[in-house]
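Participant: Contents are compact mmCIF, N, CA and C atoms; file name work.txt:
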```
# COMPACT_ATOMS: atom_id res chain seq x y z
N MET A 9 -15.06 36.96 110.17
CA MET A 9 -16.40 37.45 110.38
C MET A 9 -17.36 36.47 109.71
N ARG A 10 -18.48 36.27 110.38
CA ARG A 10 -19.52 35.43 109.80
C ARG A 10 -20.68 36.29 109.36
N TYR A 11 -21.26 35.90 108.25
CA TYR A 11 -22.43 36.57 107.72
C TYR A 11 -23.51 35.52 107.53
N ASP A 12 -24.61 35.68 108.23
CA ASP A 12 -25.72 34.75 108.12
C ASP A 12 -26.98 35.54 107.79
N LYS A 13 -27.66 35.14 106.73
CA LYS A 13 -28.86 35.86 106.30
C LYS A 13 -29.80 34.88 105.62
N VAL A 14 -31.06 35.12 105.81
CA VAL A 14 -32.09 34.33 105.12
C VAL A 14 -32.76 35.26 104.12
N VAL A 15 -32.73 34.86 102.87
CA VAL A 15 -33.39 35.62 101.80
C VAL A 15 -34.44 34.71 101.20
N GLY A 16 -35.69 35.01 101.51
CA GLY A 16 -36.77 34.13 101.05
C GLY A 16 -36.61 32.77 101.72
N CYS A 17 -36.45 31.76 100.92
CA CYS A 17 -36.27 30.42 101.46
C CYS A 17 -34.81 29.95 101.36
N ILE A 18 -33.89 30.91 101.14
CA ILE A 18 -32.47 30.55 100.99
C ILE A 18 -31.69 31.04 102.21
N ASP A 19 -30.96 30.11 102.83
CA ASP A 19 -30.05 30.48 103.93
C ASP A 19 -28.69 30.77 103.36
N ILE A 20 -28.15 31.97 103.67
CA ILE A 20 -26.82 32.36 103.19
C ILE A 20 -25.89 32.39 104.39
N HIS A 21 -24.79 31.63 104.30
CA HIS A 21 -23.79 31.59 105.37
C HIS A 21 -22.42 31.83 104.75
N ILE A 22 -21.76 32.91 105.17
CA ILE A 22 -20.43 33.24 104.65
C ILE A 22 -19.49 33.43 105.83
N ASP A 23 -18.34 32.79 105.76
CA ASP A 23 -17.30 32.97 106.77
C ASP A 23 -16.10 33.62 106.08
N THR A 24 -15.73 34.83 106.52
CA THR A 24 -14.65 35.57 105.88
C THR A 24 -13.31 35.40 106.59
N LYS A 25 -13.19 34.40 107.44
CA LYS A 25 -11.96 34.21 108.21
C LYS A 25 -10.72 34.11 107.33
N ARG A 26 -10.81 33.34 106.24
CA ARG A 26 -9.65 33.16 105.37
C ARG A 26 -9.25 34.47 104.69
N ILE A 27 -10.24 35.19 104.12
CA ILE A 27 -9.90 36.44 103.45
C ILE A 27 -9.42 37.49 104.46
N ASP A 28 -9.99 37.50 105.65
CA ASP A 28 -9.54 38.43 106.69
C ASP A 28 -8.06 38.18 107.03
N ALA A 29 -7.70 36.91 107.17
CA ALA A 29 -6.29 36.56 107.46
C ALA A 29 -5.39 36.94 106.29
N ASN A 30 -5.86 36.70 105.06
CA ASN A 30 -5.08 37.08 103.88
C ASN A 30 -4.85 38.58 103.83
N LEU A 31 -5.88 39.36 104.13
CA LEU A 31 -5.75 40.82 104.10
C LEU A 31 -4.81 41.33 105.19
N ARG A 32 -4.88 40.73 106.38
CA ARG A 32 -3.93 41.12 107.45
C ARG A 32 -2.50 40.81 107.05
N ARG A 33 -2.29 39.62 106.48
CA ARG A 33 -0.95 39.23 106.04
C ARG A 33 -0.48 40.15 104.91
N ALA A 34 -1.36 40.46 103.98
CA ALA A 34 -1.00 41.36 102.87
C ALA A 34 -0.63 42.74 103.40
N GLN A 35 -1.37 43.27 104.37
CA GLN A 35 -1.06 44.58 104.94
C GLN A 35 0.29 44.56 105.65
N ASP A 36 0.56 43.51 106.42
CA ASP A 36 1.85 43.40 107.11
C ASP A 36 3.00 43.34 106.11
N MET A 37 2.83 42.55 105.06
CA MET A 37 3.88 42.42 104.05
C MET A 37 4.06 43.73 103.28
N LEU A 38 2.96 44.40 102.97
CA LEU A 38 3.03 45.69 102.28
C LEU A 38 3.75 46.72 103.14
N ASP A 39 3.41 46.79 104.42
CA ASP A 39 4.07 47.75 105.32
C ASP A 39 5.58 47.53 105.32
N GLN A 40 5.99 46.29 105.44
CA GLN A 40 7.43 45.99 105.49
C GLN A 40 8.11 46.33 104.16
N LYS A 41 7.44 46.02 103.05
CA LYS A 41 8.01 46.31 101.73
C LYS A 41 8.13 47.81 101.50
N VAL A 42 7.09 48.57 101.87
CA VAL A 42 7.14 50.02 101.71
C VAL A 42 8.27 50.59 102.57
N LEU A 43 8.37 50.15 103.81
CA LEU A 43 9.44 50.62 104.70
C LEU A 43 10.81 50.33 104.09
N ASN A 44 11.02 49.12 103.63
CA ASN A 44 12.31 48.77 103.03
C ASN A 44 12.60 49.57 101.76
N ASP A 45 11.58 49.74 100.92
CA ASP A 45 11.78 50.46 99.67
C ASP A 45 12.05 51.95 99.89
N MET A 46 11.49 52.53 100.94
CA MET A 46 11.71 53.95 101.24
C MET A 46 13.13 54.23 101.74
N MET A 47 13.74 53.27 102.39
CA MET A 47 15.03 53.49 103.05
C MET A 47 16.09 54.07 102.12
N GLU A 48 16.13 53.63 100.90
CA GLU A 48 17.17 54.11 99.98
C GLU A 48 17.00 55.58 99.62
N TYR A 49 15.82 56.12 99.83
CA TYR A 49 15.55 57.52 99.48
C TYR A 49 15.60 58.47 100.68
N ILE A 50 15.61 57.91 101.90
CA ILE A 50 15.64 58.74 103.11
C ILE A 50 17.04 59.32 103.26
N PRO A 51 17.14 60.65 103.47
CA PRO A 51 18.45 61.27 103.63
C PRO A 51 19.28 60.56 104.71
N PHE A 52 20.57 60.47 104.46
CA PHE A 52 21.46 59.76 105.37
C PHE A 52 22.70 60.61 105.64
N GLN A 53 22.85 60.98 106.90
CA GLN A 53 24.10 61.64 107.30
C GLN A 53 24.77 60.76 108.34
N GLN A 54 24.07 60.53 109.43
CA GLN A 54 24.58 59.62 110.46
C GLN A 54 23.64 58.44 110.68
N GLY A 55 22.52 58.43 109.98
CA GLY A 55 21.59 57.31 110.05
C GLY A 55 20.42 57.48 111.00
N ALA A 56 20.36 58.59 111.73
CA ALA A 56 19.29 58.77 112.72
C ALA A 56 17.91 58.83 112.07
N LEU A 57 17.78 59.48 110.94
CA LEU A 57 16.49 59.61 110.28
C LEU A 57 15.98 58.24 109.83
N ARG A 58 16.85 57.45 109.25
CA ARG A 58 16.46 56.10 108.84
C ARG A 58 16.16 55.23 110.05
N GLY A 59 16.98 55.38 111.08
CA GLY A 59 16.79 54.59 112.30
C GLY A 59 15.51 54.92 113.05
N ALA A 60 14.97 56.12 112.82
CA ALA A 60 13.75 56.56 113.49
C ALA A 60 12.50 56.30 112.66
N THR A 61 12.64 55.60 111.55
CA THR A 61 11.51 55.31 110.68
C THR A 61 11.02 53.89 110.97
N HIS A 62 9.75 53.80 111.40
CA HIS A 62 9.20 52.51 111.85
C HIS A 62 7.74 52.38 111.44
N ILE A 63 7.29 51.13 111.43
CA ILE A 63 5.87 50.84 111.25
C ILE A 63 5.23 51.04 112.62
N ILE A 64 4.27 51.96 112.69
CA ILE A 64 3.60 52.28 113.95
C ILE A 64 2.40 51.36 114.17
N GLU A 65 1.64 51.15 113.13
CA GLU A 65 0.48 50.27 113.14
C GLU A 65 0.22 49.89 111.69
N PRO A 66 -0.63 48.90 111.44
CA PRO A 66 -0.88 48.53 110.05
C PRO A 66 -1.29 49.74 109.21
N GLY A 67 -0.53 49.96 108.14
CA GLY A 67 -0.81 51.06 107.23
C GLY A 67 -0.23 52.39 107.62
N LEU A 68 0.55 52.45 108.71
CA LEU A 68 1.11 53.72 109.17
C LEU A 68 2.60 53.58 109.46
N ILE A 69 3.40 54.30 108.68
CA ILE A 69 4.85 54.35 108.87
C ILE A 69 5.20 55.77 109.26
N SER A 70 6.04 55.92 110.28
CA SER A 70 6.35 57.26 110.78
C SER A 70 7.85 57.39 111.01
N THR A 71 8.35 58.60 110.80
CA THR A 71 9.73 58.94 111.13
C THR A 71 9.67 59.89 112.31
N ASP A 72 10.13 59.42 113.46
CA ASP A 72 9.95 60.16 114.70
C ASP A 72 11.24 60.87 115.11
N THR A 73 11.49 62.01 114.49
CA THR A 73 12.57 62.91 114.90
C THR A 73 12.03 64.33 114.79
N PRO A 74 12.59 65.27 115.54
CA PRO A 74 12.10 66.65 115.47
C PRO A 74 12.27 67.29 114.10
N TYR A 75 13.19 66.80 113.31
CA TYR A 75 13.49 67.44 112.02
C TYR A 75 12.97 66.64 110.82
N ALA A 76 12.26 65.56 111.05
CA ALA A 76 11.80 64.71 109.95
C ALA A 76 10.90 65.47 108.98
N HIS A 77 10.01 66.29 109.50
CA HIS A 77 9.09 67.04 108.63
C HIS A 77 9.87 67.94 107.67
N TYR A 78 10.86 68.63 108.18
CA TYR A 78 11.64 69.56 107.34
C TYR A 78 12.41 68.80 106.26
N GLN A 79 12.99 67.67 106.65
CA GLN A 79 13.70 66.85 105.67
C GLN A 79 12.74 66.33 104.60
N TYR A 80 11.55 65.92 105.03
CA TYR A 80 10.58 65.37 104.10
C TYR A 80 10.10 66.44 103.12
N GLU A 81 9.88 67.63 103.62
CA GLU A 81 9.41 68.73 102.76
C GLU A 81 10.52 69.23 101.84
N GLY A 82 11.78 69.07 102.25
CA GLY A 82 12.90 69.46 101.40
C GLY A 82 13.12 70.95 101.32
N GLU A 83 12.69 71.65 102.35
CA GLU A 83 12.79 73.10 102.36
C GLU A 83 13.34 73.57 103.70
N LEU A 84 14.22 74.54 103.65
CA LEU A 84 14.78 75.11 104.87
C LEU A 84 13.70 75.86 105.63
N TYR A 85 13.53 75.52 106.89
CA TYR A 85 12.59 76.23 107.76
C TYR A 85 13.41 77.09 108.72
N LEU A 86 12.93 78.30 108.95
CA LEU A 86 13.64 79.25 109.81
C LEU A 86 12.71 79.77 110.90
N ALA A 87 13.33 80.13 112.03
CA ALA A 87 12.58 80.77 113.11
C ALA A 87 12.27 82.21 112.70
N ALA A 88 11.41 82.87 113.44
CA ALA A 88 10.99 84.24 113.13
C ALA A 88 12.18 85.19 113.04
N ASN A 89 13.24 84.91 113.80
CA ASN A 89 14.42 85.79 113.79
C ASN A 89 15.38 85.47 112.64
N GLY A 90 15.01 84.53 111.76
CA GLY A 90 15.84 84.19 110.61
C GLY A 90 16.85 83.08 110.87
N SER A 91 16.90 82.58 112.09
CA SER A 91 17.84 81.52 112.45
C SER A 91 17.26 80.16 112.11
N SER A 92 18.13 79.21 111.79
CA SER A 92 17.66 77.84 111.56
C SER A 92 17.45 77.12 112.90
N TRP A 93 17.87 77.72 113.99
CA TRP A 93 17.66 77.16 115.32
C TRP A 93 16.50 77.89 115.98
N ALA A 94 15.59 77.13 116.57
CA ALA A 94 14.44 77.72 117.25
C ALA A 94 14.45 77.28 118.70
N HIS A 95 14.02 78.15 119.56
CA HIS A 95 13.87 77.79 120.97
C HIS A 95 12.70 76.84 121.12
N LYS A 96 12.71 76.06 122.18
CA LYS A 96 11.64 75.10 122.42
C LYS A 96 10.29 75.82 122.38
N GLY A 97 9.38 75.30 121.58
CA GLY A 97 8.05 75.88 121.44
C GLY A 97 7.96 76.97 120.38
N GLU A 98 9.08 77.45 119.90
CA GLU A 98 9.08 78.50 118.88
C GLU A 98 8.78 77.86 117.52
N LYS A 99 7.90 78.48 116.77
CA LYS A 99 7.51 77.94 115.47
C LYS A 99 8.52 78.35 114.40
N LYS A 100 8.73 77.44 113.44
CA LYS A 100 9.59 77.72 112.29
C LYS A 100 8.73 77.79 111.04
N TYR A 101 9.20 78.55 110.06
CA TYR A 101 8.43 78.80 108.84
C TYR A 101 9.27 78.45 107.61
N PRO A 102 8.60 77.96 106.55
CA PRO A 102 9.33 77.64 105.31
C PRO A 102 9.97 78.90 104.73
N SER A 103 11.20 78.76 104.25
CA SER A 103 11.94 79.90 103.73
C SER A 103 11.92 79.99 102.20
N GLY A 104 11.50 78.92 101.55
CA GLY A 104 11.54 78.88 100.10
C GLY A 104 12.87 78.39 99.55
N GLN A 105 13.85 78.15 100.44
CA GLN A 105 15.17 77.66 100.02
C GLN A 105 15.18 76.13 100.08
N PRO A 106 15.52 75.47 98.99
CA PRO A 106 15.56 74.00 99.03
C PRO A 106 16.72 73.49 99.86
N LEU A 107 16.50 72.33 100.49
CA LEU A 107 17.59 71.66 101.20
C LEU A 107 18.47 70.95 100.18
N HIS A 108 19.72 70.77 100.54
CA HIS A 108 20.66 70.04 99.70
C HIS A 108 21.02 68.75 100.42
N TYR A 109 20.80 67.63 99.74
CA TYR A 109 21.06 66.31 100.32
C TYR A 109 22.39 65.82 99.79
N HIS A 110 23.20 65.27 100.68
CA HIS A 110 24.57 64.91 100.33
C HIS A 110 24.73 63.45 99.88
N THR A 111 23.86 62.58 100.35
CA THR A 111 23.96 61.18 99.95
C THR A 111 23.24 61.00 98.62
N PRO A 112 23.96 60.55 97.60
CA PRO A 112 23.34 60.39 96.26
C PRO A 112 22.08 59.51 96.32
N GLY A 113 21.06 59.94 95.60
CA GLY A 113 19.82 59.18 95.52
C GLY A 113 18.81 59.47 96.61
N THR A 114 19.22 60.24 97.62
CA THR A 114 18.30 60.57 98.70
C THR A 114 17.71 61.95 98.48
N GLY A 115 16.64 62.24 99.21
CA GLY A 115 16.03 63.56 99.07
C GLY A 115 14.70 63.64 99.78
N ASP A 116 13.93 64.65 99.42
CA ASP A 116 12.64 64.87 100.07
C ASP A 116 11.58 63.91 99.52
N HIS A 117 10.43 63.91 100.16
CA HIS A 117 9.27 63.12 99.75
C HIS A 117 9.64 61.67 99.41
N TRP A 118 10.34 61.02 100.33
CA TRP A 118 10.86 59.67 100.06
C TRP A 118 9.77 58.64 99.87
N PHE A 119 8.60 58.79 100.49
CA PHE A 119 7.52 57.83 100.22
C PHE A 119 7.08 57.91 98.76
N GLU A 120 6.85 59.13 98.28
CA GLU A 120 6.41 59.31 96.90
C GLU A 120 7.44 58.79 95.90
N ARG A 121 8.71 58.99 96.22
CA ARG A 121 9.77 58.50 95.32
C ARG A 121 9.78 56.98 95.29
N ALA A 122 9.62 56.35 96.47
CA ALA A 122 9.57 54.88 96.52
C ALA A 122 8.32 54.37 95.81
N LYS A 123 7.21 55.06 95.99
CA LYS A 123 5.97 54.64 95.33
C LYS A 123 6.09 54.72 93.82
N GLN A 124 6.73 55.78 93.33
CA GLN A 124 6.90 55.92 91.89
C GLN A 124 7.73 54.77 91.32
N THR A 125 8.76 54.38 92.06
CA THR A 125 9.65 53.31 91.59
C THR A 125 9.08 51.92 91.83
N HIS A 126 8.45 51.70 93.00
CA HIS A 126 8.05 50.35 93.41
C HIS A 126 6.54 50.14 93.50
N GLY A 127 5.75 51.14 93.14
CA GLY A 127 4.30 51.07 93.31
C GLY A 127 3.65 49.85 92.70
N GLN A 128 4.03 49.48 91.50
CA GLN A 128 3.43 48.30 90.87
C GLN A 128 3.79 47.03 91.63
N GLU A 129 5.00 46.96 92.18
CA GLU A 129 5.38 45.81 93.01
C GLU A 129 4.48 45.72 94.24
N TRP A 130 4.15 46.87 94.83
CA TRP A 130 3.29 46.91 96.01
C TRP A 130 1.89 46.38 95.65
N ILE A 131 1.38 46.83 94.52
CA ILE A 131 0.05 46.38 94.08
C ILE A 131 0.05 44.88 93.83
N ASP A 132 1.08 44.39 93.14
CA ASP A 132 1.18 42.97 92.83
C ASP A 132 1.27 42.13 94.11
N LEU A 133 2.02 42.61 95.09
CA LEU A 133 2.16 41.89 96.36
C LEU A 133 0.80 41.76 97.04
N VAL A 134 0.05 42.84 97.13
CA VAL A 134 -1.26 42.80 97.79
C VAL A 134 -2.22 41.90 97.03
N LYS A 135 -2.25 41.99 95.72
CA LYS A 135 -3.12 41.12 94.92
C LYS A 135 -2.79 39.65 95.16
N ARG A 136 -1.50 39.34 95.16
CA ARG A 136 -1.06 37.95 95.35
C ARG A 136 -1.45 37.44 96.74
N GLU A 137 -1.16 38.22 97.77
CA GLU A 137 -1.40 37.77 99.14
C GLU A 137 -2.88 37.76 99.50
N ALA A 138 -3.63 38.76 99.04
CA ALA A 138 -5.06 38.82 99.37
C ALA A 138 -5.83 37.70 98.70
N GLY A 139 -5.36 37.25 97.54
CA GLY A 139 -6.07 36.20 96.81
C GLY A 139 -5.64 34.80 97.12
N ARG A 140 -4.75 34.64 98.09
CA ARG A 140 -4.28 33.28 98.42
C ARG A 140 -5.40 32.40 98.91
N GLY A 141 -5.27 31.13 98.58
CA GLY A 141 -6.07 30.11 98.91
C GLY A 141 -7.06 29.62 99.68
```
Any chance you could put this one into C-alpha cells?
Facilitator:
Amino acid sequence: MRYDKVVGCIDIHIDTKRIDANLRRAQDMLDQKVLNDMMEYIPFQQGALRGATHIIEPGLISTDTPYAHYQYEGELYLAANGSSWAHKGEKKYPSGQPLHYHTPGTGDHWFERAKQTHGQEWIDLVKREAGRG
C-alpha cells in the first residue's frame, strides 16, 4: 500500500509493500506452526479428527467433522431421548459427563493447550518474521 500526503510544505510518501509481505509471511508461518503444535493434543483413535483439521484461510484453522465440536468441548452430548446417537437434524445437548480420551496427552480444547505450551514461540515467530528486512 502506498501512502502519499502533503503536510504543510512536506511531502510524505510511504510504501508498505515490504511490511505487508512480511505480515503475510508471518501469518502463513504462524498458521502452520499452530496447526502442527495442536496435532499432539487432538484426540486420536483412527486419525480422522486430525486428518480433518486444516488451515481454511489466513488465521482460521478448522476441524471439519460432525463430532469435532463435542470432542473439543470434552463433554458427552446426548439427544433428547438420552441416546448418544441423534437422527439427522436432531439437536444434541451437553450431559455434564466428561469424555474420556484414550491417547495419552490428548484431550479437549486442543488449541488452548497448544497455546499454553507454545504461545511464546508463536509470538517470537511473528515478531521475527514481521520485522524482517
Participant: At a cut-off of 5 Å from (-18.1, 35.2, 110.6) in the coordinates of the file, what residues are picked up using all atoms listed in the file, written as a PyMOL selection string?
Facilitator: chain A and resi 9-11+23-24
Participant: Please provide as a ChimeraX atom specification all residues within 12 Å of Met37 of chain A, with the sequence filter that same-chain residues fewer than 2 positions apart are discarded (counting only C-alpha atoms).
Facilitator: /A:30-35,39-44,63,66-67,129-138
Participant: Go through A:Gly97, A:Pro112, A:Pro51, A:Pro102 and flag the residue nearest Tyr85 of chain A, using only N, CA and C atoms for the distances.
Facilitator: A:Pro102
Participant: Between atom N of Asp36 of chain A and atom CA of Gln128 of chain A, measure the distance and give it in Å to one decimal.
Facilitator: 16.5 Å
Participant: Please give the complete set of residues from chain A that DSSP, run on the backbone, assigns to strand (DSSP E or B), formatted as a PyMOL selection string.
Facilitator: chain A and resi 10-15+18-23+61-65+68-71+83-87+100-106
Participant: Quick one: residues within 6.5 Å of Glu81 of chain A, all atoms listed in the file, excluding same-chain residues fewer than 3 positions away - as a VMD selection string?
Facilitator: chain A and resid 76 to 78 116 to 117
